[in-house]
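Undergrad: Contents of start_29.pdb (PDB, C-alpha atoms) are below:
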ATOM      1  CA  ALA A   1       0.000   0.000   0.000
ATOM      2  CA  SER A   2       1.131   3.547  -0.560
ATOM      3  CA  ALA A   3      -0.009   7.086   0.153
ATOM      4  CA  VAL A   4       1.108  10.527  -0.986
ATOM      5  CA  VAL A   5       1.125  13.525   1.332
ATOM      6  CA  GLY A   6       1.560  17.065   0.031
ATOM      7  CA  GLY A   7       2.520  17.563  -3.560
ATOM      8  CA  THR A   8       0.799  20.874  -4.185
ATOM      9  CA  GLU A   9       2.703  23.564  -6.083
ATOM     10  CA  ASP A  10       4.347  25.052  -2.973
ATOM     11  CA  ASP A  11       4.624  21.839  -0.967
ATOM     12  CA  ASP A  12       7.160  19.086  -0.893
ATOM     13  CA  ARG A  13       5.758  15.678  -1.523
ATOM     14  CA  VAL A  14       6.164  12.598   0.685
ATOM     15  CA  GLU A  15       5.280   9.160  -0.567
ATOM     16  CA  LEU A  16       4.771   6.428   2.041
ATOM     17  CA  GLN A  17       5.179   2.785   1.073
ATOM     18  CA  SER A  18       4.244   0.000   3.487
ATOM     19  CA  LEU A  19       6.700  -2.813   4.185
ATOM     20  CA  GLY A  20       5.685  -6.372   5.005
ATOM     21  CA  THR A  21       3.672  -9.202   3.595
ATOM     22  CA  GLY A  22       0.030 -10.001   4.066
ATOM     23  CA  ARG A  23      -2.213  -7.777   6.114
ATOM     24  CA  ARG A  24       0.367  -6.939   8.765
ATOM     25  CA  VAL A  25       2.462  -3.868   8.058
ATOM     26  CA  ARG A  26       6.003  -4.228   9.471
ATOM     27  CA  GLY A  27       7.235  -0.733   8.667
ATOM     28  CA  ALA A  28       7.111   2.089   6.169
ATOM     29  CA  LEU A  29       9.460   3.716   3.691
ATOM     30  CA  ALA A  30       9.027   7.478   3.338
ATOM     31  CA  VAL A  31      10.353   9.136   0.174
ATOM     32  CA  GLY A  32      10.379  12.931   0.099
ATOM     33  CA  THR A  33      10.651  14.837  -3.173
ATOM     34  CA  GLY A  34       9.923  18.275  -4.555
ATOM     35  CA  ALA A  35       8.055  16.847  -7.548
ATOM     36  CA  PRO A  36       6.278  13.631  -8.546
ATOM     37  CA  LEU A  37       8.596  10.668  -9.097
ATOM     38  CA  GLY A  38       9.564   9.754 -12.628
ATOM     39  CA  THR A  39       9.472   6.224 -13.995
ATOM     40  CA  ALA A  40      13.060   5.383 -13.006
ATOM     41  CA  GLU A  41      12.563   6.777  -9.516
ATOM     42  CA  ARG A  42       9.346   4.786  -9.037
ATOM     43  CA  TYR A  43      11.165   1.590 -10.086
ATOM     44  CA  ALA A  44      13.940   2.379  -7.594
ATOM     45  CA  VAL A  45      11.411   2.921  -4.780
ATOM     46  CA  HIS A  46       9.552  -0.290  -5.627
ATOM     47  CA  SER A  47      12.839  -2.216  -5.655
ATOM     48  CA  ALA A  48      13.750  -0.745  -2.264
ATOM     49  CA  VAL A  49      10.328  -1.726  -0.893
ATOM     50  CA  ALA A  50      10.794  -5.301  -2.125
ATOM     51  CA  LEU A  51      14.295  -5.597  -0.643
ATOM     52  CA  LEU A  52      13.287  -4.022   2.682
ATOM     53  CA  THR A  53      10.256  -6.312   2.909
ATOM     54  CA  LEU A  54      12.453  -9.366   2.332
ATOM     55  CA  ALA A  55      14.915  -8.211   4.982
ATOM     56  CA  THR A  56      12.096  -7.499   7.446
ATOM     57  CA  GLU A  57      10.487 -10.905   6.946
ATOM     58  CA  GLN A  58      13.851 -12.692   7.254
ATOM     59  CA  SER A  59      14.558 -10.825  10.495
ATOM     60  CA  ARG A  60      11.155 -11.852  11.851
ATOM     61  CA  SER A  61      11.771 -15.516  10.988
ATOM     62  CA  LEU A  62      15.246 -15.415  12.538
ATOM     63  CA  GLN A  63      13.899 -13.835  15.722
ATOM     64  CA  ALA A  64      11.223 -16.537  16.020
ATOM     65  CA  ALA A  65      13.862 -19.262  15.563
ATOM     66  CA  GLU A  66      16.078 -17.682  18.239
ATOM     67  CA  GLN A  67      13.134 -17.581  20.647
ATOM     68  CA  ARG A  68      12.418 -21.285  20.040
ATOM     69  CA  LEU A  69      16.092 -22.116  20.575
ATOM     70  CA  GLY A  70      16.191 -20.124  23.814
ATOM     71  CA  ALA A  71      13.067 -21.892  25.077
ATOM     72  CA  ALA A  72      14.599 -25.292  24.254
ATOM     73  CA  VAL A  73      17.808 -24.405  26.122
ATOM     74  CA  LEU A  74      15.790 -23.287  29.143
ATOM     75  CA  ARG A  75      13.797 -26.549  29.107
ATOM     76  CA  MET A  76      17.078 -28.490  29.053
ATOM     77  CA  LEU A  77      18.393 -26.516  32.017
ATOM     78  CA  LEU A  78      15.176 -27.007  33.949
ATOM     79  CA  SER A  79      15.265 -30.749  33.293
ATOM     80  CA  GLY A  80      18.828 -31.029  34.621
ATOM     81  CA  GLN A  81      20.655 -31.328  31.288
ATOM     82  CA  PRO A  82      23.200 -28.480  31.398
ATOM     83  CA  ASP A  83      25.669 -30.230  29.079
ATOM     84  CA  HIS A  84      23.008 -30.582  26.379
ATOM     85  CA  ALA A  85      21.949 -26.970  26.951
ATOM     86  CA  ARG A  86      25.556 -25.784  26.452
ATOM     87  CA  ALA A  87      25.897 -27.860  23.281
ATOM     88  CA  VAL A  88      22.663 -26.513  21.796
ATOM     89  CA  ALA A  89      23.244 -22.895  22.823
ATOM     90  CA  GLY A  90      26.797 -22.859  21.476
ATOM     91  CA  ASP A  91      28.125 -19.326  21.020
ATOM     92  CA  LEU A  92      24.649 -17.814  21.334
ATOM     93  CA  SER A  93      24.833 -17.944  25.126
ATOM     94  CA  GLY A  94      27.872 -15.643  25.149
ATOM     95  CA  GLY A  95      29.577 -17.716  27.829
ATOM     96  CA  LEU A  96      26.545 -17.499  30.113
ATOM     97  CA  LEU A  97      26.402 -21.270  30.506
ATOM     98  CA  ASP A  98      30.145 -21.687  31.059
ATOM     99  CA  ALA A  99      30.022 -20.735  34.741
ATOM    100  CA  PRO A 100      28.114 -22.529  37.493
ATOM    101  CA  PHE A 101      24.505 -21.401  37.614
ATOM    102  CA  ARG A 102      21.467 -21.699  39.819
ATOM    103  CA  LEU A 103      17.848 -21.562  38.757
ATOM    104  CA  LEU A 104      15.172 -20.246  41.063
ATOM    105  CA  ILE A 105      11.605 -21.022  40.131
TER     106      ILE A 105
END
Go through the file and emit its structure as structure tokens.
TA:
Amino acid sequence: ASAVVGGTEDDDRVELQSLGTGRRVRGALAVGTGAPLGTAERYAVHSAVALLTLATEQSRSLQAAEQRLGAAVLRMLLSGQPDHARAVAGDLSGGLLDAPFRLLI
């Protein structure tokens, strides 16, 4: 989806392009100009929207995977499997699991 704000003779023009897939908007790209965009500029904006949408959706998928991994590591710790938790967490734990730890529930 897109919208144009301004664009009268004395006004600058701002075009807003939504980023994301489906019904859920993940962000917006604002393009400000002094005149309507030409064909080449519109193609550049549409390419930027496509690339930013891909990056946004990849980031969302990666974040969901990291949350699932963190939950699995926590379940391993809670079930008394710290060695497995360390192996699964790898470098993601930032050394957190290298020292003795205590869990309070």
Undergrad: What's around range 66-73 of chain A at 12 Å? Count all atoms listed in the file, leave out sequence neighbours fewer than 6 positions away in its own chain, and write the answer as number ranges by chain.
TA: A: 59-60, 79-90, 92-93, 96-97
Undergrad: So the first atom is CA of Pro100 in chain A and the second is CA of Ala65 in chain A; what is the distance between them in Å, to one decimal place?
TA: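 Straight-line distance from CA of Pro100 in chain A to CA of Ala65 in chain A works out to 26.4 Å.
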Undergrad: Using all atoms listed in the file, which residue out of A:Leu16, A:Arg102, A:Gly27, A:Ala40 lies closest to Leu52 in chain A?
TA: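 Result for the nearest residue to Leu52 in chain A: A:Gly27.
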Undergrad: Excluding Val14 in chain A and its own-chain neighbours fewer than 4 positions away, which residues fall within 12 Å of it when counting all atoms listed in the file? Please give them as a list in words.
TA: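 Counting only the stated atoms, we get Ser2, Ala3, Val4, Val5, Gly6, Gly7, Thr8, Ala28, Leu29, Ala30, Val31, Gly32, Thr33, Gly34, Ala35, Pro36 and Leu37 of chain A.
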Undergrad: At what distance in Å, to one decimal, does CA of Thr39 in chain A lie from CA of Ser18 in chain A?
TA: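 Result for CA of Ser18 in chain A versus CA of Thr39 in chain A: 19.3 Å, one decimal.
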Undergrad: Skipping near chain neighbours, those fewer than 5 positions away, what residues fall within 12 Å of Gln58 in chain A using all atoms listed in the file, listed as a PyMOL selection string?
TA: chain A and resi 20-21+26+51-53+63-65
Undergrad: Quick one: pull the distance between CA of Leu78 in chain A and CA of Asp91 in chain A, Å, one decimal.
TA: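 Interatomic distance here is 19.8 Å.
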Undergrad: Could you give me the axis-aligned bounding box of range 22-41 of chain A, with 5 Å of padding per side, as centre plus edge lengths in Å to one decimal, as AutoDock Vina command-line options?
TA:
--center_x 5.4 --center_y 4.1 --center_z -2.3 --size_x 25.3 --size_y 38.3 --size_z 33.5
Undergrad: Nearest to Val25 in chain A: which of A:Arg42, A:Arg13, A:Ala48, A:Thr56 is it, counting all atoms listed in the file?
TA: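 So, comparing all the options, the nearest one is A:Thr56.
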